[in-house]
Structures are given as structure tokens and as C-alpha cells.
file my_file20.txt (compact mmCIF, C-alpha atoms and all ligand atoms)
# COMPACT_ATOMS: atom_id res chain seq x y z
CA MET A 263 -83.71 280.26 -29.46
CA ILE A 264 -84.58 278.78 -26.08
CA GLU A 265 -81.12 278.02 -24.72
CA VAL A 266 -77.66 278.61 -26.08
CA LEU A 267 -74.13 278.36 -24.70
CA ILE A 268 -71.96 281.30 -25.72
CA GLU A 269 -68.26 280.51 -25.52
CA SER A 270 -66.04 283.47 -24.82
CA ARG A 271 -63.61 284.89 -27.35
CA ALA A 272 -60.35 286.55 -26.44
CA VAL A 273 -60.06 290.24 -27.29
CA LYS A 274 -57.37 292.79 -26.65
CA LEU A 275 -58.48 295.83 -24.71
CA THR A 276 -57.45 299.22 -26.05
CA THR A 277 -54.98 299.53 -23.23
CA ARG A 278 -51.29 300.21 -23.11
CA THR A 279 -50.51 296.78 -21.75
CA GLY A 280 -52.71 294.75 -24.06
CA ILE A 281 -54.33 292.76 -21.25
CA GLU A 282 -56.57 290.06 -22.69
CA VAL A 283 -60.24 289.87 -21.83
CA ARG A 284 -62.79 287.18 -22.64
CA ARG A 285 -65.97 288.51 -24.24
CA THR A 286 -69.30 286.75 -24.53
CA LEU A 287 -71.64 289.63 -25.41
CA PRO A 288 -72.33 290.92 -27.98
CA HIS A 289 -72.23 287.72 -30.00
CA ALA A 290 -73.38 286.81 -33.52
CA LYS A 291 -76.13 284.68 -31.95
CA LEU A 292 -77.02 287.03 -29.12
CA LYS A 293 -77.04 290.80 -29.03
CA THR A 294 -78.60 291.59 -25.66
CA ILE A 295 -79.97 289.92 -22.50
CA GLY A 296 -82.58 292.38 -21.30
CA ALA A 297 -80.67 295.67 -21.44
CA TRP A 298 -77.31 293.94 -20.82
CA CYS A 299 -75.37 294.40 -24.05
CA PHE A 300 -71.70 293.81 -23.29
CA VAL A 301 -69.98 291.23 -21.08
CA ASP A 302 -66.21 291.15 -20.56
CA HIS A 303 -64.42 288.92 -18.07
CA PHE A 304 -60.78 289.48 -17.27
CA GLY A 305 -58.38 287.67 -15.05
CA PRO A 306 -57.59 286.27 -12.65
CA THR A 307 -54.17 287.59 -13.54
CA THR A 308 -51.08 288.36 -11.46
CA GLN A 309 -50.49 291.30 -13.81
CA THR A 310 -52.34 293.50 -11.32
CA ASP A 311 -51.12 296.71 -12.96
CA GLY A 312 -52.39 295.38 -16.29
CA MET A 313 -55.47 297.53 -16.72
CA VAL A 314 -54.41 300.93 -18.00
CA VAL A 315 -57.29 302.36 -20.00
CA ALA A 316 -56.73 306.03 -20.80
CA ALA A 317 -59.56 308.55 -21.16
CA HIS A 318 -62.28 307.42 -23.55
CA PRO A 319 -65.92 308.40 -24.06
CA HIS A 320 -69.29 306.69 -23.76
CA THR A 321 -72.84 307.55 -24.83
CA GLY A 322 -76.22 305.86 -24.43
CA LEU A 323 -75.16 303.18 -21.93
CA GLN A 324 -74.23 302.40 -18.34
CA THR A 325 -70.91 300.75 -17.45
CA VAL A 326 -70.85 298.29 -14.56
CA THR A 327 -67.51 297.35 -13.01
CA TRP A 328 -67.47 294.45 -10.55
CA LEU A 329 -64.33 293.11 -8.95
CA LEU A 330 -63.55 289.70 -7.50
CA GLU A 331 -59.95 290.56 -6.72
CA GLY A 332 -57.75 293.64 -7.07
CA GLU A 333 -58.33 297.39 -7.07
CA ILE A 334 -59.25 299.72 -9.91
CA GLU A 335 -59.22 303.50 -9.85
CA HIS A 336 -61.96 305.18 -11.86
CA ARG A 337 -61.84 308.85 -12.87
CA ASP A 338 -64.34 310.68 -15.03
CA SER A 339 -65.26 314.01 -16.57
CA ILE A 340 -67.97 314.78 -14.00
CA GLY A 341 -65.35 314.84 -11.23
CA SER A 342 -65.61 311.32 -9.85
CA VAL A 343 -62.47 309.69 -8.45
CA GLN A 344 -63.29 306.28 -7.00
CA ILE A 345 -61.26 303.24 -6.11
CA ILE A 346 -63.31 300.09 -6.41
CA ARG A 347 -62.63 296.94 -4.37
CA PRO A 348 -64.06 293.42 -4.43
CA GLY A 349 -67.76 293.26 -3.58
CA GLU A 350 -68.29 296.88 -4.59
CA LEU A 351 -69.93 298.26 -7.69
CA ASN A 352 -69.02 301.19 -9.89
CA LEU A 353 -71.89 302.26 -12.12
CA MET A 354 -71.44 305.03 -14.65
CA THR A 355 -74.43 306.29 -16.58
CA ALA A 356 -73.12 307.90 -19.77
CA GLY A 357 -76.40 309.33 -21.07
CA HIS A 358 -75.58 312.15 -23.49
CA GLY A 359 -71.85 311.80 -22.94
CA ILE A 360 -69.06 311.26 -20.44
CA SER A 361 -65.40 310.27 -20.55
CA HIS A 362 -63.49 308.16 -18.03
CA SER A 363 -60.28 306.25 -17.41
CA GLU A 364 -59.52 303.06 -15.49
CA LEU A 365 -56.27 302.09 -13.84
CA SER A 366 -55.72 298.92 -11.85
CA LEU A 367 -53.59 299.37 -8.75
CA ALA A 368 -50.93 296.81 -7.88
CA ASN A 369 -52.05 296.55 -4.23
CA SER A 370 -53.08 292.91 -4.34
CA GLU A 371 -51.84 289.55 -5.61
CA THR A 372 -54.35 289.20 -8.41
CA LEU A 373 -56.77 291.16 -10.55
CA HIS A 374 -60.10 289.60 -11.49
CA ALA A 375 -63.12 291.51 -12.73
CA VAL A 376 -66.09 291.72 -15.00
CA GLN A 377 -67.13 294.74 -16.96
CA LEU A 378 -70.65 294.97 -18.27
CA TRP A 379 -72.64 297.49 -20.26
CA VAL A 380 -76.33 298.22 -19.99
CA ALA A 381 -78.13 299.83 -22.95
CA LEU A 382 -80.22 302.87 -22.04
CA PRO A 383 -83.77 303.07 -23.43
CA LYS A 384 -84.42 305.86 -25.93
CA GLU A 385 -85.94 308.20 -23.34
CA ALA A 386 -82.69 308.10 -21.31
CA LEU A 387 -80.22 308.37 -24.20
CA ASP A 388 -79.63 312.07 -23.69
CA ILE A 389 -79.79 312.40 -19.92
CA ALA A 390 -76.95 314.08 -18.03
CA PRO A 391 -74.15 311.69 -17.05
CA GLU A 392 -74.01 310.26 -13.53
CA PHE A 393 -71.71 308.08 -11.49
CA GLU A 394 -72.46 305.97 -8.42
CA HIS A 395 -70.40 303.73 -6.18
CA GLN A 396 -72.19 301.06 -4.16
CA ALA A 397 -70.26 299.49 -1.28
CA ASN A 398 -73.22 298.04 0.64
CA LEU A 399 -75.25 296.09 -1.85
CA PRO A 400 -77.88 293.68 -0.54
CA ARG A 401 -76.56 290.19 0.16
CA PHE A 402 -78.45 286.99 0.74
CA ASP A 403 -77.43 283.67 2.22
CA SER A 404 -78.89 280.22 2.20
CA ASP A 405 -77.63 276.77 3.23
CA ASN A 406 -76.14 276.11 -0.17
CA TYR A 407 -75.61 279.48 -1.85
CA SER A 408 -75.01 283.16 -1.22
CA GLY A 409 -75.36 286.18 -3.42
CA THR A 410 -75.09 289.91 -3.93
CA VAL A 411 -77.63 291.91 -5.91
CA LEU A 412 -75.87 294.45 -8.13
CA ALA A 413 -78.93 295.81 -9.91
CA GLY A 414 -82.66 295.21 -9.81
CA GLU A 415 -84.33 292.74 -7.45
CA PHE A 416 -83.63 289.06 -6.84
CA MET A 417 -85.53 286.81 -4.42
CA GLY A 418 -86.88 289.82 -2.54
CA HIS A 419 -83.54 291.66 -2.26
CA LYS A 420 -83.45 294.97 -4.09
CA ALA A 421 -80.32 296.90 -5.06
CA PRO A 422 -80.38 300.71 -4.76
CA THR A 423 -78.57 301.01 -8.10
CA LYS A 424 -80.19 303.35 -10.62
CA ILE A 425 -81.47 301.42 -13.62
CA PHE A 426 -83.73 302.35 -16.52
CA SER A 427 -85.42 299.09 -17.50
CA GLU A 428 -86.74 295.89 -15.93
CA MET A 429 -83.52 293.98 -15.32
CA VAL A 430 -81.41 292.22 -12.72
CA GLY A 431 -77.74 291.51 -12.04
CA VAL A 432 -76.59 289.12 -9.29
CA GLU A 433 -73.30 287.58 -8.21
CA LEU A 434 -73.97 284.07 -6.96
CA ARG A 435 -71.55 281.86 -5.02
CA ILE A 436 -72.20 278.14 -4.68
CA PRO A 437 -69.95 275.64 -2.85
CA ALA A 438 -68.84 272.34 -4.41
CA TRP A 439 -71.33 269.46 -4.82
CA GLU A 440 -74.53 271.47 -4.54
CA ASP A 441 -77.76 271.44 -6.49
CA VAL A 442 -79.50 274.80 -6.28
CA ILE A 443 -82.89 275.73 -7.70
CA LEU A 444 -83.62 279.45 -7.83
CA PRO A 445 -86.96 281.03 -8.74
CA ILE A 446 -86.73 283.39 -11.72
CA ARG A 447 -89.13 285.69 -13.54
CA THR A 448 -90.87 284.15 -16.52
CA ASP A 449 -90.95 287.49 -18.37
CA PHE A 450 -87.15 287.82 -18.13
CA GLU A 451 -84.50 286.27 -20.32
CA TYR A 452 -81.30 285.31 -18.47
CA GLY A 453 -77.62 284.85 -19.02
CA VAL A 454 -75.46 282.95 -16.53
CA LEU A 455 -71.73 283.73 -16.78
CA ALA A 456 -69.27 281.46 -14.98
CA ILE A 457 -66.55 283.66 -13.50
CA GLN A 458 -64.90 281.17 -11.13
CA GLY A 459 -65.11 277.46 -11.74
CA SER A 460 -67.69 275.81 -13.94
CA ALA A 461 -71.23 274.60 -13.27
CA LYS A 462 -74.15 272.83 -14.87
CA VAL A 463 -76.93 275.30 -15.57
CA SER A 464 -80.30 273.79 -16.49
CA GLY A 465 -78.40 270.66 -17.45
CA ASN A 466 -75.79 272.39 -19.61
CA GLU A 467 -72.10 272.45 -18.74
CA VAL A 468 -70.98 276.10 -18.52
CA PRO A 469 -67.17 276.40 -18.47
CA THR A 470 -65.38 279.37 -16.89
CA SER A 471 -65.91 282.60 -18.89
CA SER A 472 -68.76 281.08 -20.91
CA LEU A 473 -72.32 282.36 -20.77
CA PHE A 474 -75.47 280.28 -20.83
CA TYR A 475 -78.55 281.99 -22.29
CA LEU A 476 -82.08 281.09 -21.27
CA ALA A 477 -85.09 282.60 -23.07
CA PRO A 478 -88.14 283.91 -21.17
CA GLY A 479 -90.61 281.33 -19.88
CA SER A 480 -88.65 279.36 -17.29
CA LYS A 481 -89.82 279.51 -13.66
CA SER A 482 -86.52 278.39 -12.19
CA LEU A 483 -82.83 278.13 -12.76
CA GLU A 484 -81.11 274.92 -11.72
CA ILE A 485 -77.41 275.11 -10.98
CA LYS A 486 -75.32 272.06 -10.10
CA THR A 487 -71.74 272.27 -8.98
CA GLU A 488 -69.16 269.48 -8.93
CA ASN A 489 -65.77 269.37 -7.25
CA GLU A 490 -65.14 273.10 -6.94
CA PRO A 491 -66.92 276.18 -5.57
CA VAL A 492 -68.37 278.35 -8.30
CA THR A 493 -69.00 282.06 -8.75
CA LEU A 494 -71.56 283.08 -11.36
CA MET A 495 -73.08 286.28 -12.63
CA VAL A 496 -76.79 286.04 -13.31
CA LEU A 497 -77.88 288.75 -15.75
CA GLY A 498 -81.52 289.08 -16.71
CA GLY A 499 -84.20 291.37 -17.98
CA VAL A 500 -87.24 291.89 -20.14
CA PRO A 501 -86.03 291.44 -23.74
CA PHE A 502 -84.85 294.87 -24.89
CA PRO A 503 -87.67 296.30 -27.02
CA GLU A 504 -85.53 298.53 -29.23
CA LYS A 505 -82.90 297.98 -31.89
CA ILE A 506 -79.66 299.61 -30.84
CA LEU A 507 -76.55 300.67 -32.68
CA MET A 508 -73.42 299.83 -30.76
CA TRP A 509 -70.14 301.01 -32.24
CA TRP A 510 -66.85 301.36 -30.35
CA ASN A 511 -67.78 302.95 -27.00
CA PHE A 512 -71.02 304.49 -28.18
CA ILE A 513 -74.60 303.35 -28.24
CA GLY A 514 -77.11 305.25 -30.34
CA ARG A 515 -80.01 304.50 -32.62
CA SER A 516 -78.59 305.60 -35.95
CA HIS A 517 -75.34 305.88 -37.91
CA GLU A 518 -75.61 309.64 -37.45
CA ASP A 519 -75.72 309.26 -33.63
CA VAL A 520 -72.43 307.39 -33.46
CA ALA A 521 -70.76 309.38 -36.26
CA ARG A 522 -71.52 312.59 -34.39
CA ALA A 523 -70.30 311.18 -31.07
CA ARG A 524 -67.09 310.02 -32.78
CA GLU A 525 -66.50 313.42 -34.39
CA GLU A 526 -67.21 315.27 -31.14
CA TRP A 527 -64.88 313.04 -29.10
CA ASN A 528 -62.04 313.27 -31.60
CA SER A 529 -62.39 317.06 -31.81
CA ARG A 530 -62.37 317.31 -27.98
CA ASN A 531 -65.88 318.79 -27.92
CA PRO A 532 -67.05 319.78 -24.39
CA ARG A 533 -69.79 317.12 -24.68
CA PHE A 534 -67.37 314.61 -23.14
CA GLY A 535 -65.77 316.93 -20.58
CA LYS A 536 -62.21 316.78 -19.33
CA PHE A 537 -60.34 315.44 -16.32
CA GLU A 538 -56.84 314.74 -15.08
CA ASP A 539 -55.50 311.30 -14.27
CA LYS A 540 -52.23 309.44 -13.65
CA ILE A 541 -52.36 307.80 -17.07
CA GLY A 542 -52.41 310.88 -19.30
CA GLY A 543 -53.57 311.17 -22.87
CA TRP A 544 -56.80 309.92 -24.43
CA ILE A 545 -57.87 307.17 -26.80
CA PRO A 546 -59.06 308.47 -30.18
CA ALA A 547 -62.06 306.81 -31.80
CA PRO A 548 -61.11 304.69 -34.81
CA ASP A 549 -62.32 305.36 -38.34
CA LEU A 550 -65.91 304.45 -39.07
CA PRO A 551 -66.36 301.55 -41.52
CA ASN A 552 -67.12 302.58 -45.08
CA VAL A 553 -70.79 301.58 -44.83
CA THR A 554 -73.85 303.03 -43.14
CA LEU A 555 -74.15 301.28 -39.78
CA GLN A 556 -77.59 299.88 -39.00
CA PRO A 557 -79.25 299.37 -35.63
CA ARG A 558 -79.77 295.68 -34.85
MN MN B 601 -65.18 302.61 -20.54

call {"tool": "encode", "arguments": {"input": "my_file20.txt", "output": "C-alpha cells", "more": "lines below"}}
Ligand code: MN
result
Amino acid sequence: MIEVLIESRAVKLTTRTGIEVRRTLPHAKLKTIGAWCFVDHFGPTTQTDGMVVAAHPHTGLQTVTWLLEGEIEHRDSIGSVQIIRPGELNLMTAGHGISHSELSLANSETLHAVQLWVALPKEALDIAPEFEHQANLPRFDSDNYSGTVLAGEFMGHKAPTKIFSEMVGVELRIPAWEDVILPIRTDFEYGVLAIQGSAKVSGNEVPTSSLFYLAPGSKSLEIKTENEPVTLMVLGGVPFPEKILMWWNFIGRSHEDVARAREEWNSRNPRFGKFEDKIGGWIPAPDLPNVTLQPR
């Protein structure tokens, strides 16, 4: 698979309001892009109070929240309380286990965000949980594009974000009627997600919320815009060398890993901590399917 266009599918978040998100990863044709393993795009919506996700756990991954519009309050079981605004990054490293909640605040006209997960390599699966907020990420400007580096390094600009594998995440903004050629790493695979407008990426039309995948080997990424400015997320990395097992909000390496995490969350085991928030309650893990889950 050299190139593939992944069209998003609508999913309902486990929230009280049932806000709809558009998911491109994981997909039947594509499991990961580097360590990136989950890509959700939601909004823009005027339902700015629409994200009400009560306490839920994570293991074995990092969550990345990136806002284009709106405000979201994050709270977690290691004591973090952080409002995130456009251009800022919330990064939560679950490691062995953490729980958190997310609540959008109706302080703006619209809510528009992406939420991404990064798989942790096996040596980091059981590390202590961490949370970081980045409000001053490196930005770059050129005549016909500008960008912000969320994670890793892009065109000489390096984000301070803590990551555990060779990967990169960039928000790229390109005005209408431009043709931009960006150098990329040949050992990385890439995904380009259109979050505002649509663009042609390496000759392929990428509609809003769709993701274009490019296998390792290319030296550059060509992006052409037409009659509207475009905002894209460029996600890349060395192809993830391990099979992972992703089930509900957990990533492990075996059925036993996720079954134990599920049992410990549902029995309120101290593994996932506790915290107070304005939402109240917690989201129980669903039943496991009646088969032994396999890493893929
Ligand atoms: Mn979460």
C-alpha cells in the first residue's frame, strides 16, 4: 500500500450529548501511522457545550487534544485541571493507567477539535502517568504556508512535547490557490488529515475530515489548494514495529492486558485514581467480546 485515501466515518462519542465525531483511524485498511493510532475530528459545531465526556480510563497510549475553536476543560486523576484553547496542546501520557474527563465550555461561538492517540512502545507501557500542556509550540511561516509543530520535529522546528518514538505531528495552514512542496523524511509514513477545507495532496483530492496515507519512501509532500484556505494535520512516523491490541480506551499487547484493565477500572481499582469534576459519575467499560482479542 503506497497511497490510500481514508474517508471518515461518523461515530457517536460515549458522551451525554451524543456529539458526532468523524473517525479515520483506526481503519480496516490502516491501523497506525507511525505511533499514531486514533484520529477523531469533531466540529465545527455551534453546540459548544456538546463535549461532556465523564471520567474514563486509559492505558498504554498518549492522548493529544488540539483545538481550532472553542475551549475544553481537562481534569485527571493525577491532579491536572487544564483549560485548553486554540493553538494549545494537551498531552496526556496514560502509561500504566490514568483516568480523565473532558468538558467543552460554552465560551465561544463554535467548537472544533481533533483528538488523537499515540501508541506507547512496550518499554513505556507501564510508566507512571503524566500530563503536559503546551501553549508555546514552535511555529513556522513561509510565503505560502504556516505551521505549528505539536510533536517531534518538522523542517528544523522541534516541539518540546514528550514522545516515545520517532514521529511528528504538525498543523499546517495554506491559503487559497497555493502549491506547496514540503520536504519529508523517507523513513516515515505520513497521514494528512484535512480539518478545514479540502486540498490536493500528492495529486489526490482530500475532502474535509478525510485522511490521505503515504507510505515511506517519498522525499516530499505536495499540497495544492483551490478556492479556499486549508488547515491540515500532518501525522508521521517510523512504521510502528509492534502489534498492538486496542480495545475501548485501552492499549495493551494481549487479551489479558485489556481484560485486566477493564476489570480494574470497573471495580474502581486505585490503578486509575480518582478526581472530582463538574460532570460527575464515570463511564463503565463495556463487556468484552466473547472471543480472545488478538494484537494486530
Ligand atoms: Mn479519553

call {"tool": "residues_near_ligand", "arguments": {"input": "my_file20.txt", "ligand": "ligand MN 601 (chain B)", "cutoff": "7 Å", "atoms": "all atoms listed in the file", "output": "VMD selection string"}}
result
chain A and resid 318 to 320 325 362 to 363 511

call {"tool": "residues_around", "arguments": {"input": "my_file20.txt", "residues": "region 293-303 of chain A", "least_positions_apart": "4", "cutoff": "9 Å", "atoms": "all atoms listed in the file", "output": "VMD selection string"}}
result
chain A and resid 270 283 to 289 374 to 383 426 to 430 450 to 453 455 457 471 475 477 497 to 503 508 558

call {"tool": "residues_near_point", "arguments": {"input": "my_file20.txt", "point": "(-77.9, 276.8, -3.3)", "cutoff": "8 Å", "atoms": "all atoms listed in the file", "output": "PyMOL selection string"}}
result
chain A and resi 404-408+436+440-444+485

call {"tool": "residues_near_point", "arguments": {"input": "my_file20.txt", "point": "(-78.1, 296.5, -37.5)", "cutoff": "9 Å", "atoms": "all atoms listed in the file", "output": "PDB file with C-alpha atoms, in the frame of the given file"}}
result
ATOM      1  CA  LYS A 505     -82.900 297.980 -31.890  1.00  0.00           C
ATOM      2  CA  ILE A 506     -79.660 299.610 -30.840  1.00  0.00           C
ATOM      3  CA  LEU A 507     -76.550 300.670 -32.680  1.00  0.00           C
ATOM      4  CA  MET A 508     -73.420 299.830 -30.760  1.00  0.00           C
ATOM      5  CA  LEU A 555     -74.150 301.280 -39.780  1.00  0.00           C
ATOM      6  CA  GLN A 556     -77.590 299.880 -39.000  1.00  0.00           C
ATOM      7  CA  PRO A 557     -79.250 299.370 -35.630  1.00  0.00           C
ATOM      8  CA  ARG A 558     -79.770 295.680 -34.850  1.00  0.00           C
TER       9      ARG A 558
END

call {"tool": "residues_around", "arguments": {"input": "my_file20.txt", "residues": "region 418-422 of chain A", "least_positions_apart": "3", "cutoff": "12 Å", "atoms": "only C-alpha atoms", "output": "list in words"}}
result
Leu351, Leu353, Glu394, His395, Gln396, Ala397, Asn398, Leu399, Pro400, Arg401, Phe402, Asp403, Gly409, Thr410, Val411, Leu412, Ala413, Gly414, Glu415, Ile425, Met429, Val430, Gly431, Val432, Pro445, Ile446 and Arg447 of chain A

call {"tool": "decode", "arguments": {"input": "my_file20.txt", "residues": "region 410-421 of chain A", "atoms": "all heavy atoms", "output": "PDB file, in the first residue's frame"}}
result
ATOM      1  N   THR A 410       2.403  24.810  12.890  1.00  0.00           N
ATOM      2  CA  THR A 410       2.733  24.643  14.304  1.00  0.00           C
ATOM      3  C   THR A 410       3.130  23.187  14.498  1.00  0.00           C
ATOM      4  O   THR A 410       2.431  22.286  14.020  1.00  0.00           O
ATOM      5  CB  THR A 410       1.499  24.943  15.186  1.00  0.00           C
ATOM      6  OG1 THR A 410       1.006  26.237  14.858  1.00  0.00           O
ATOM      7  CG2 THR A 410       1.859  24.902  16.667  1.00  0.00           C
ATOM      8  N   VAL A 411       4.266  22.989  15.168  1.00  0.00           N
ATOM      9  CA  VAL A 411       4.723  21.618  15.416  1.00  0.00           C
ATOM     10  C   VAL A 411       4.204  21.166  16.781  1.00  0.00           C
ATOM     11  O   VAL A 411       4.542  21.753  17.807  1.00  0.00           O
ATOM     12  CB  VAL A 411       6.264  21.509  15.361  1.00  0.00           C
ATOM     13  CG1 VAL A 411       6.694  20.044  15.470  1.00  0.00           C
ATOM     14  CG2 VAL A 411       6.804  22.122  14.077  1.00  0.00           C
ATOM     15  N   LEU A 412       3.359  20.141  16.779  1.00  0.00           N
ATOM     16  CA  LEU A 412       2.766  19.634  18.015  1.00  0.00           C
ATOM     17  C   LEU A 412       3.675  18.619  18.696  1.00  0.00           C
ATOM     18  O   LEU A 412       3.704  18.514  19.917  1.00  0.00           O
ATOM     19  CB  LEU A 412       1.428  18.939  17.724  1.00  0.00           C
ATOM     20  CG  LEU A 412       0.193  19.783  17.512  1.00  0.00           C
ATOM     21  CD1 LEU A 412       0.315  20.700  16.327  1.00  0.00           C
ATOM     22  CD2 LEU A 412      -1.027  18.896  17.366  1.00  0.00           C
ATOM     23  N   ALA A 413       4.355  17.824  17.886  1.00  0.00           N
ATOM     24  CA  ALA A 413       5.192  16.749  18.423  1.00  0.00           C
ATOM     25  C   ALA A 413       6.271  16.430  17.405  1.00  0.00           C
ATOM     26  O   ALA A 413       6.025  16.492  16.203  1.00  0.00           O
ATOM     27  CB  ALA A 413       4.346  15.507  18.684  1.00  0.00           C
ATOM     28  N   GLY A 414       7.462  16.094  17.904  1.00  0.00           N
ATOM     29  CA  GLY A 414       8.553  15.761  17.004  1.00  0.00           C
ATOM     30  C   GLY A 414       9.124  17.006  16.345  1.00  0.00           C
ATOM     31  O   GLY A 414       8.969  18.123  16.833  1.00  0.00           O
ATOM     32  N   GLU A 415       9.783  16.806  15.198  1.00  0.00           N
ATOM     33  CA  GLU A 415      10.485  17.887  14.519  1.00  0.00           C
ATOM     34  C   GLU A 415      10.026  17.958  13.066  1.00  0.00           C
ATOM     35  O   GLU A 415       9.830  16.938  12.417  1.00  0.00           O
ATOM     36  CB  GLU A 415      11.992  17.610  14.566  1.00  0.00           C
ATOM     37  CG  GLU A 415      12.825  18.739  14.014  1.00  0.00           C
ATOM     38  CD  GLU A 415      14.330  18.494  14.168  1.00  0.00           C
ATOM     39  OE1 GLU A 415      14.734  17.565  14.891  1.00  0.00           O
ATOM     40  OE2 GLU A 415      15.086  19.239  13.526  1.00  0.00           O
ATOM     41  N   PHE A 416       9.829  19.178  12.581  1.00  0.00           N
ATOM     42  CA  PHE A 416       9.422  19.369  11.193  1.00  0.00           C
ATOM     43  C   PHE A 416      10.150  20.566  10.636  1.00  0.00           C
ATOM     44  O   PHE A 416      10.074  21.673  11.181  1.00  0.00           O
ATOM     45  CB  PHE A 416       7.902  19.575  11.108  1.00  0.00           C
ATOM     46  CG  PHE A 416       7.343  19.448   9.713  1.00  0.00           C
ATOM     47  CD1 PHE A 416       7.235  18.205   9.099  1.00  0.00           C
ATOM     48  CD2 PHE A 416       6.922  20.573   9.018  1.00  0.00           C
ATOM     49  CE1 PHE A 416       6.708  18.081   7.823  1.00  0.00           C
ATOM     50  CE2 PHE A 416       6.398  20.454   7.728  1.00  0.00           C
ATOM     51  CZ  PHE A 416       6.291  19.203   7.137  1.00  0.00           C
ATOM     52  N   MET A 417      10.874  20.382   9.548  1.00  0.00           N
ATOM     53  CA  MET A 417      11.625  21.435   8.873  1.00  0.00           C
ATOM     54  C   MET A 417      12.479  22.245   9.851  1.00  0.00           C
ATOM     55  O   MET A 417      12.533  23.476   9.782  1.00  0.00           O
ATOM     56  CB  MET A 417      10.672  22.337   8.095  1.00  0.00           C
ATOM     57  CG  MET A 417       9.966  21.573   6.970  1.00  0.00           C
ATOM     58  SD  MET A 417       8.750  22.543   6.074  1.00  0.00           S
ATOM     59  CE  MET A 417       9.810  23.708   5.255  1.00  0.00           C
ATOM     60  N   GLY A 418      13.134  21.539  10.771  1.00  0.00           N
ATOM     61  CA  GLY A 418      14.056  22.185  11.696  1.00  0.00           C
ATOM     62  C   GLY A 418      13.410  22.763  12.941  1.00  0.00           C
ATOM     63  O   GLY A 418      14.107  23.307  13.793  1.00  0.00           O
ATOM     64  N   HIS A 419      12.088  22.643  13.079  1.00  0.00           N
ATOM     65  CA  HIS A 419      11.396  23.169  14.261  1.00  0.00           C
ATOM     66  C   HIS A 419      10.981  21.991  15.139  1.00  0.00           C
ATOM     67  O   HIS A 419      10.266  21.100  14.685  1.00  0.00           O
ATOM     68  CB  HIS A 419      10.172  23.979  13.851  1.00  0.00           C
ATOM     69  CG  HIS A 419      10.504  25.088  12.896  1.00  0.00           C
ATOM     70  ND1 HIS A 419      10.902  26.336  13.323  1.00  0.00           N
ATOM     71  CD2 HIS A 419      10.544  25.110  11.542  1.00  0.00           C
ATOM     72  CE1 HIS A 419      11.158  27.088  12.262  1.00  0.00           C
ATOM     73  NE2 HIS A 419      10.947  26.374  11.171  1.00  0.00           N
ATOM     74  N   LYS A 420      11.437  22.027  16.400  1.00  0.00           N
ATOM     75  CA  LYS A 420      11.246  20.871  17.270  1.00  0.00           C
ATOM     76  C   LYS A 420      10.320  21.211  18.436  1.00  0.00           C
ATOM     77  O   LYS A 420      10.545  22.188  19.154  1.00  0.00           O
ATOM     78  CB  LYS A 420      12.611  20.429  17.810  1.00  0.00           C
ATOM     79  CG  LYS A 420      12.620  19.071  18.464  1.00  0.00           C
ATOM     80  CD  LYS A 420      14.072  18.674  18.780  1.00  0.00           C
ATOM     81  CE  LYS A 420      14.227  17.200  19.132  1.00  0.00           C
ATOM     82  NZ  LYS A 420      13.599  16.783  20.344  1.00  0.00           N
ATOM     83  N   ALA A 421       9.294  20.398  18.616  1.00  0.00           N
ATOM     84  CA  ALA A 421       8.362  20.602  19.730  1.00  0.00           C
ATOM     85  C   ALA A 421       8.959  20.017  21.011  1.00  0.00           C
ATOM     86  O   ALA A 421       9.664  19.015  20.961  1.00  0.00           O
ATOM     87  CB  ALA A 421       7.037  19.919  19.424  1.00  0.00           C
TER      88      ALA A 421
END
